[in-house]
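Pasted below: input.cif, mmCIF, C-alpha atoms and all ligand atoms.
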data_target
loop_
_atom_site.label_atom_id
_atom_site.label_comp_id
_atom_site.auth_asym_id
_atom_site.auth_seq_id
_atom_site.Cartn_x
_atom_site.Cartn_y
_atom_site.Cartn_z
CA MET A 1 -7.29 72.33 -8.58
CA GLY A 2 -4.40 73.61 -10.70
CA VAL A 3 -3.64 72.14 -14.09
CA MET A 4 -0.61 70.28 -12.71
CA ASP A 5 -2.88 68.48 -10.21
CA THR A 6 -5.23 67.59 -13.07
CA ILE A 7 -2.34 66.25 -15.14
CA ARG A 8 -1.16 64.13 -12.20
CA ALA A 9 -4.67 62.81 -11.50
CA ARG A 10 -5.41 61.77 -15.10
CA HIS A 11 -4.84 58.14 -16.03
CA SER A 12 -6.35 56.13 -18.86
CA VAL A 13 -9.51 54.45 -17.61
CA ARG A 14 -10.75 51.38 -19.48
CA ASP A 15 -13.73 50.28 -17.35
CA TYR A 16 -16.79 52.50 -17.11
CA GLU A 17 -19.96 52.60 -15.00
CA ASP A 18 -23.36 52.33 -16.71
CA THR A 19 -24.23 55.84 -15.54
CA PRO A 20 -24.62 58.09 -18.60
CA ILE A 21 -23.27 61.63 -18.60
CA GLU A 22 -26.35 63.78 -18.04
CA GLY A 23 -27.70 67.17 -17.09
CA ASN A 24 -25.32 70.03 -16.47
CA LYS A 25 -22.25 67.88 -17.03
CA LEU A 26 -23.44 66.80 -20.46
CA TYR A 27 -24.22 70.42 -21.28
CA MET A 28 -20.71 71.49 -20.20
CA LEU A 29 -19.13 68.67 -22.16
CA LYS A 30 -21.08 69.53 -25.32
CA ASN A 31 -19.95 73.14 -25.02
CA LEU A 32 -16.37 72.11 -24.40
CA VAL A 33 -16.24 69.87 -27.47
CA ALA A 34 -17.96 72.52 -29.61
CA ASP A 35 -15.50 75.22 -28.41
CA VAL A 36 -12.47 73.05 -29.08
CA ALA A 37 -13.82 72.15 -32.54
CA VAL A 38 -14.18 75.85 -33.38
CA CYS A 39 -10.77 76.88 -31.94
CA SER A 40 -8.96 74.04 -33.69
CA GLY A 41 -10.87 73.97 -36.96
CA LEU A 42 -10.99 70.18 -36.54
CA ASP A 43 -14.00 67.92 -36.97
CA ILE A 44 -14.52 66.74 -33.38
CA GLN A 45 -17.84 65.24 -32.32
CA LEU A 46 -19.30 64.14 -29.01
CA VAL A 47 -21.15 60.87 -29.60
CA THR A 48 -23.51 59.58 -26.91
CA ASP A 49 -25.53 56.32 -26.68
CA ASN A 50 -23.02 54.44 -28.80
CA PRO A 51 -21.60 51.49 -26.82
CA GLU A 52 -21.21 49.57 -30.13
CA ALA A 53 -18.13 51.66 -30.90
CA PHE A 54 -16.26 49.65 -28.28
CA ASN A 55 -17.69 46.32 -29.30
CA ILE A 56 -14.59 44.65 -30.66
CA VAL A 57 -12.56 41.53 -30.24
CA ALA A 58 -8.98 42.32 -29.34
CA ARG A 59 -6.35 40.86 -27.11
CA PHE A 60 -5.54 44.10 -25.34
CA GLY A 61 -6.52 47.74 -25.21
CA ILE A 62 -10.24 47.14 -24.83
CA VAL A 63 -12.47 49.74 -23.27
CA ARG A 64 -15.49 48.30 -21.43
CA GLY A 65 -18.80 49.87 -20.54
CA ALA A 66 -18.33 53.26 -22.22
CA SER A 67 -21.40 54.46 -24.11
CA THR A 68 -19.99 57.89 -24.98
CA HIS A 69 -16.94 58.81 -27.03
CA ILE A 70 -15.37 61.77 -28.70
CA ALA A 71 -14.67 61.13 -32.36
CA PHE A 72 -11.81 62.91 -34.14
CA LEU A 73 -12.46 62.89 -37.87
CA ALA A 74 -9.88 63.54 -40.58
CA LYS A 75 -8.64 62.45 -43.96
CA GLY A 76 -5.83 60.03 -43.21
CA SER A 77 -3.11 61.20 -40.83
CA GLU A 78 -2.91 64.84 -41.96
CA ALA A 79 -4.31 66.32 -38.74
CA ASP A 80 -2.67 63.92 -36.28
CA GLU A 81 -0.60 66.41 -34.28
CA ALA A 82 -3.52 68.84 -34.03
CA ILE A 83 -5.83 66.02 -32.94
CA GLY A 84 -3.46 65.19 -30.10
CA TYR A 85 -2.96 68.81 -29.08
CA TRP A 86 -6.66 69.74 -29.07
CA GLY A 87 -7.94 66.39 -27.88
CA GLN A 88 -5.74 66.54 -24.83
CA ARG A 89 -7.33 69.85 -23.93
CA ILE A 90 -10.63 67.97 -23.83
CA ALA A 91 -9.10 65.15 -21.75
CA LEU A 92 -7.78 67.61 -19.16
CA ALA A 93 -11.00 69.64 -19.00
CA ALA A 94 -13.03 66.42 -18.68
CA GLN A 95 -10.80 65.31 -15.79
CA GLU A 96 -11.50 68.64 -14.07
CA MET A 97 -15.22 67.98 -14.54
CA GLY A 98 -14.93 64.66 -12.70
CA LEU A 99 -15.01 62.50 -15.83
CA ASN A 100 -12.50 59.88 -16.96
CA THR A 101 -11.10 59.31 -20.42
CA CYS A 102 -9.02 56.98 -22.55
CA TRP A 103 -7.66 57.75 -26.00
CA VAL A 104 -8.59 54.80 -28.22
CA ALA A 105 -7.05 53.65 -31.46
CA ILE A 106 -8.48 50.15 -31.07
CA MET A 107 -12.20 50.76 -31.53
CA ALA A 108 -14.95 49.81 -33.95
CA ARG A 109 -14.65 52.99 -36.03
CA LYS A 110 -17.37 51.95 -38.45
CA LYS A 111 -19.82 51.50 -35.58
CA SER A 112 -19.26 55.06 -34.37
CA LYS A 113 -22.37 57.18 -34.92
CA ALA A 114 -20.23 60.23 -35.71
CA LYS A 115 -21.48 62.06 -38.80
CA LEU A 116 -19.15 61.60 -41.74
CA THR A 117 -18.77 64.54 -44.14
CA ASP A 118 -16.24 65.76 -46.73
CA GLY A 119 -14.64 62.35 -47.18
CA LYS A 120 -13.38 62.31 -43.58
CA LYS A 121 -13.37 59.21 -41.41
CA VAL A 122 -13.03 58.56 -37.70
CA ARG A 123 -9.28 58.75 -37.20
CA LEU A 124 -9.20 58.30 -33.44
CA GLY A 125 -11.56 58.15 -30.48
CA MET A 126 -11.59 59.04 -26.84
CA ALA A 127 -13.80 57.09 -24.43
CA ILE A 128 -15.36 59.36 -21.83
CA GLY A 129 -17.54 58.73 -18.81
CA TYR A 130 -17.54 57.77 -15.14
CA GLY A 131 -14.74 55.31 -14.58
CA LYS A 132 -15.11 52.35 -12.22
CA THR A 133 -11.72 53.48 -10.91
CA GLN A 134 -9.54 56.52 -11.47
CA GLY A 135 -6.92 54.39 -13.24
CA LYS A 136 -3.39 54.18 -11.97
CA PRO A 137 0.05 55.67 -12.62
CA ARG A 138 2.21 53.73 -15.03
CA LYS A 139 5.94 53.46 -15.59
CA THR A 140 7.43 56.32 -17.53
CA LYS A 141 10.77 57.14 -19.08
CA SER A 142 12.82 59.49 -16.92
CA VAL A 143 12.81 63.22 -17.57
CA SER A 144 16.49 63.01 -18.49
CA GLU A 145 15.68 60.43 -21.19
CA LEU A 146 12.93 62.65 -22.56
CA SER A 147 14.71 66.01 -22.55
CA VAL A 148 17.88 67.83 -23.54
CA ILE A 149 19.02 70.98 -21.75
CA GLU A 150 21.47 72.90 -23.90
CA SER A 151 22.78 75.09 -21.10
CA ALA A 152 22.26 74.03 -17.51
CA PRO A 153 20.81 74.87 -15.11
CA ALA A 154 17.30 74.79 -16.51
CA PRO A 155 14.78 77.19 -14.97
CA ALA A 156 12.34 75.75 -12.40
CA TRP A 157 9.36 76.03 -14.74
CA PHE A 158 11.05 73.65 -17.20
CA GLY A 159 11.07 70.94 -14.53
CA ALA A 160 7.33 71.33 -13.99
CA ALA A 161 6.61 71.39 -17.72
CA MET A 162 8.74 68.27 -18.25
CA GLU A 163 6.85 66.43 -15.51
CA ALA A 164 3.64 67.29 -17.37
CA ALA A 165 5.13 66.02 -20.65
CA GLN A 166 6.31 62.84 -18.93
CA LEU A 167 2.75 62.20 -17.65
CA ALA A 168 1.14 62.76 -21.06
CA PRO A 169 -0.67 59.72 -22.49
CA THR A 170 0.99 58.19 -25.53
CA ALA A 171 -0.10 55.21 -27.65
CA MET A 172 1.14 51.95 -26.04
CA ASN A 173 2.92 54.22 -23.53
CA ASN A 174 5.66 54.60 -26.14
CA GLN A 175 6.83 58.11 -25.19
CA ASN A 176 8.65 58.55 -28.51
CA PHE A 177 9.40 62.23 -28.03
CA ARG A 178 12.19 64.58 -27.01
CA ILE A 179 11.99 68.10 -25.69
CA THR A 180 15.00 70.40 -26.00
CA LEU A 181 15.47 73.58 -23.99
CA ARG A 182 17.66 75.79 -26.15
CA ALA A 183 20.59 77.74 -24.72
CA GLY A 184 19.14 80.91 -23.27
CA GLY A 185 16.44 78.94 -21.46
CA ARG A 186 13.38 80.32 -23.27
CA THR A 187 12.97 78.50 -26.56
CA VAL A 188 11.72 74.93 -26.57
CA LYS A 189 11.74 72.37 -29.36
CA ALA A 190 9.48 69.33 -29.25
CA GLU A 191 9.96 66.47 -31.69
CA ALA A 192 8.91 62.90 -32.23
CA THR A 193 11.83 60.46 -32.11
CA LYS A 194 10.00 57.97 -34.37
CA THR A 195 7.76 58.58 -37.34
CA GLY A 196 4.54 56.88 -38.35
CA GLY A 197 2.01 55.12 -36.16
CA TRP A 198 0.47 57.45 -33.61
CA ASN A 199 3.68 59.36 -32.91
CA SER A 200 2.38 62.67 -34.28
CA VAL A 201 -0.78 62.42 -32.19
CA ASP A 202 1.40 61.68 -29.17
CA LEU A 203 3.58 64.72 -29.92
CA GLY A 204 0.51 66.97 -29.97
CA ILE A 205 -0.66 65.54 -26.64
CA VAL A 206 2.77 66.06 -25.09
CA LYS A 207 2.93 69.65 -26.34
CA ARG A 208 -0.44 70.41 -24.78
CA ASN A 209 0.59 69.02 -21.38
CA PHE A 210 3.95 70.84 -21.50
CA GLU A 211 2.35 74.11 -22.50
CA GLU A 212 -0.36 74.00 -19.84
CA ALA A 213 2.21 73.42 -17.09
CA ALA A 214 4.69 76.04 -18.38
CA ASN A 215 1.91 78.61 -18.60
CA GLU A 216 0.67 77.77 -15.11
CA CYS A 217 4.20 78.67 -13.93
CA LYS A 218 3.83 81.98 -15.80
CA ALA A 219 7.04 81.11 -17.63
CA ASP A 220 8.44 83.38 -20.32
CA TRP A 221 8.98 80.84 -23.09
CA ARG A 222 7.98 79.90 -26.64
CA TRP A 223 8.01 76.95 -29.04
CA GLU A 224 10.75 76.92 -31.65
CA SER A 225 9.06 77.48 -34.99
C1 LIG A 301 -3.06 57.89 -29.69
C2 LIG A 301 -3.39 56.98 -28.56
C3 LIG A 301 -4.09 55.80 -28.79
C4 LIG A 301 -4.41 54.94 -27.73
N1 LIG A 301 -5.14 53.81 -27.99
C5 LIG A 301 -5.49 53.00 -26.95
C6 LIG A 301 -6.31 51.85 -27.19
O1 LIG A 301 -6.72 51.57 -28.31
N2 LIG A 301 -6.64 51.08 -26.13
C7 LIG A 301 -6.21 51.38 -24.86
O2 LIG A 301 -6.55 50.63 -23.93
N3 LIG A 301 -5.43 52.45 -24.60
C8 LIG A 301 -5.07 53.28 -25.62
N4 LIG A 301 -4.32 54.40 -25.37
C9 LIG A 301 -3.95 54.73 -23.99
C10 LIG A 301 -2.47 54.45 -23.71
O3 LIG A 301 -2.26 53.08 -23.62
C11 LIG A 301 -2.10 55.17 -22.39
O4 LIG A 301 -2.25 56.55 -22.56
C12 LIG A 301 -0.67 54.88 -21.98
O5 LIG A 301 -0.50 53.51 -21.66
C13 LIG A 301 -0.28 55.70 -20.76
O6 LIG A 301 -1.12 55.49 -19.67
P1 LIG A 301 -1.93 56.68 -18.99
O7 LIG A 301 -2.78 57.34 -20.03
O8 LIG A 301 -2.72 56.04 -17.91
O9 LIG A 301 -0.94 57.68 -18.45
C14 LIG A 301 -3.99 55.27 -26.41
C15 LIG A 301 -3.29 56.45 -26.18
C16 LIG A 301 -3.00 57.31 -27.24
C17 LIG A 301 -2.29 58.59 -26.95
#
Translate the structure described by the file into structure tokens.
Amino acid sequence: MGVMDTIRARHSVRDYEDTPIEGNKLYMLKNLVADVAVCSGLDIQLVTDNPEAFNIVARFGIVRGASTHIAFLAKGSEADEAIGYWGQRIALAAQEMGLNTCWVAIMARKKSKAKLTDGKKVRLGMAIGYGKTQGKPRKTKSVSELSVIESAPAPAWFGAAMEAAQLAPTAMNNQNFRITLRAGGRTVKAEATKTGGWNSVDLGIVKRNFEEAANECKADWRWES
């Protein structure tokens, strides 16, 4: 399965089976989370046997049945874009391993068994496990709403990378981002079109999806610094 197939197959899953993640899969997942924590320098923890973290009363956005989550710890919002960028790597790798995920802002953070150090708190979570379903595609903004091409025609790889960006999960499915392909067709700018909330996390997630797809196309491109 190529990364584009993985990106197309991933949907947020909110209902999970009782089956815990065990054996080789748990081992792989622990290694994955540990690797991503080292590469990113972020405090990311895999937390098992912790269904209480999803024990909340809310009108929407509730995850049911998940006993495992990934906790992203930070001081305030300072690491938001990095959390999105690195967390989405975990979401895609988990999908490849046959697991389902859902980023979760609405969770019982204080009931997470993640270990708190250095004044950091659980900023965001990701439910992970065996979904009762694989989730389903949702409505998205069009690629033309989400991108600007400074000098047409855009190369083929940009189309693939934009599809990946369009399919990236964003909080409340807001898709508050814009991707600009600069004249010359190699330099790409990604920006949030709204500030605050989870928009920086979303931007990081979108950048990860875009980058994975562009690199799968072996494109010669770079982010605008
Ligand atoms: C930062 C962030 C926070 C999210 N928080 C929640 C949440 O608390 N509850 C929930 O059900 N979904 C949550 N989601 C999932 C989004 O609703 C979902 O990604 C979006 O609707 C797009 O659907 P898809 O992931 O199936 O493509 C969150 C997503 C992101 C990126």
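Here CA of Ser40 in chain A stands at a distance of 7.5 Å from CA of Ala82 in chain A.
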>> Given all atoms listed in the file as the basis, pick out the residue of A:Ile62, A:Ala74, A:Ile83, A:Ala165 nearest to Ser12 in chain A.
In response: A:Ile62
Within 12 Å of Leu46 in chain A using all atoms listed in the file, minus same-chain residues under 5 positions, as an mmCIF file with C-alpha atoms, keeping the file's coordinate frame:
data_model
loop_
_atom_site.group_PDB
_atom_site.id
_atom_site.type_symbol
_atom_site.label_atom_id
_atom_site.label_comp_id
_atom_site.auth_asym_id
_atom_site.auth_seq_id
_atom_site.Cartn_x
_atom_site.Cartn_y
_atom_site.Cartn_z
ATOM 1 C CA ILE A 21 -23.270 61.630 -18.600
ATOM 2 C CA LEU A 26 -23.440 66.800 -20.460
ATOM 3 C CA TYR A 27 -24.220 70.420 -21.280
ATOM 4 C CA MET A 28 -20.710 71.490 -20.200
ATOM 5 C CA LEU A 29 -19.130 68.670 -22.160
ATOM 6 C CA LYS A 30 -21.080 69.530 -25.320
ATOM 7 C CA ASN A 31 -19.950 73.140 -25.020
ATOM 8 C CA LEU A 32 -16.370 72.110 -24.400
ATOM 9 C CA VAL A 33 -16.240 69.870 -27.470
ATOM 10 C CA ALA A 34 -17.960 72.520 -29.610
ATOM 11 C CA ASP A 35 -15.500 75.220 -28.410
ATOM 12 C CA VAL A 36 -12.470 73.050 -29.080
ATOM 13 C CA ALA A 37 -13.820 72.150 -32.540
ATOM 14 C CA SER A 67 -21.400 54.460 -24.110
ATOM 15 C CA THR A 68 -19.990 57.890 -24.980
ATOM 16 C CA HIS A 69 -16.940 58.810 -27.030
ATOM 17 C CA ILE A 70 -15.370 61.770 -28.700
ATOM 18 C CA ALA A 71 -14.670 61.130 -32.360
ATOM 19 C CA PHE A 72 -11.810 62.910 -34.140
ATOM 20 C CA LEU A 73 -12.460 62.890 -37.870
ATOM 21 C CA GLY A 87 -7.940 66.390 -27.880
ATOM 22 C CA ILE A 90 -10.630 67.970 -23.830
ATOM 23 C CA SER A 112 -19.260 55.060 -34.370
ATOM 24 C CA LYS A 113 -22.370 57.180 -34.920
ATOM 25 C CA ALA A 114 -20.230 60.230 -35.710
ATOM 26 C CA LYS A 115 -21.480 62.060 -38.800
ATOM 27 C CA GLY A 125 -11.560 58.150 -30.480
ATOM 28 C CA MET A 126 -11.590 59.040 -26.840
ATOM 29 C CA ALA A 127 -13.800 57.090 -24.430
ATOM 30 C CA ILE A 128 -15.360 59.360 -21.830
ATOM 31 C CA GLY A 129 -17.540 58.730 -18.810
#
>> Would you pick out the contacts of Asp220 in chain A at 9 Å or less, using only C-alpha atoms, so that residues sharing its chain but fewer than 5 positions from it are not included, and give the list as a ChimeraX atom specification?
In response: /A:186,214-215
> When distances are computed from only C-alpha atoms and all ligand atoms, which of A:Leu181, A:Val104, A:Cys217, A:Val148 shows the smallest separation from ligand LIG 301 (chain A)?
Replying inline: A:Val104
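The coordinates place CA of Arg123 in chain A at 29.0 Å from CA of Ser147 in chain A.
Going from CA of Gly196 in chain A over to atom C1 of ligand LIG 301 (chain A), you cover 11.6 Å.
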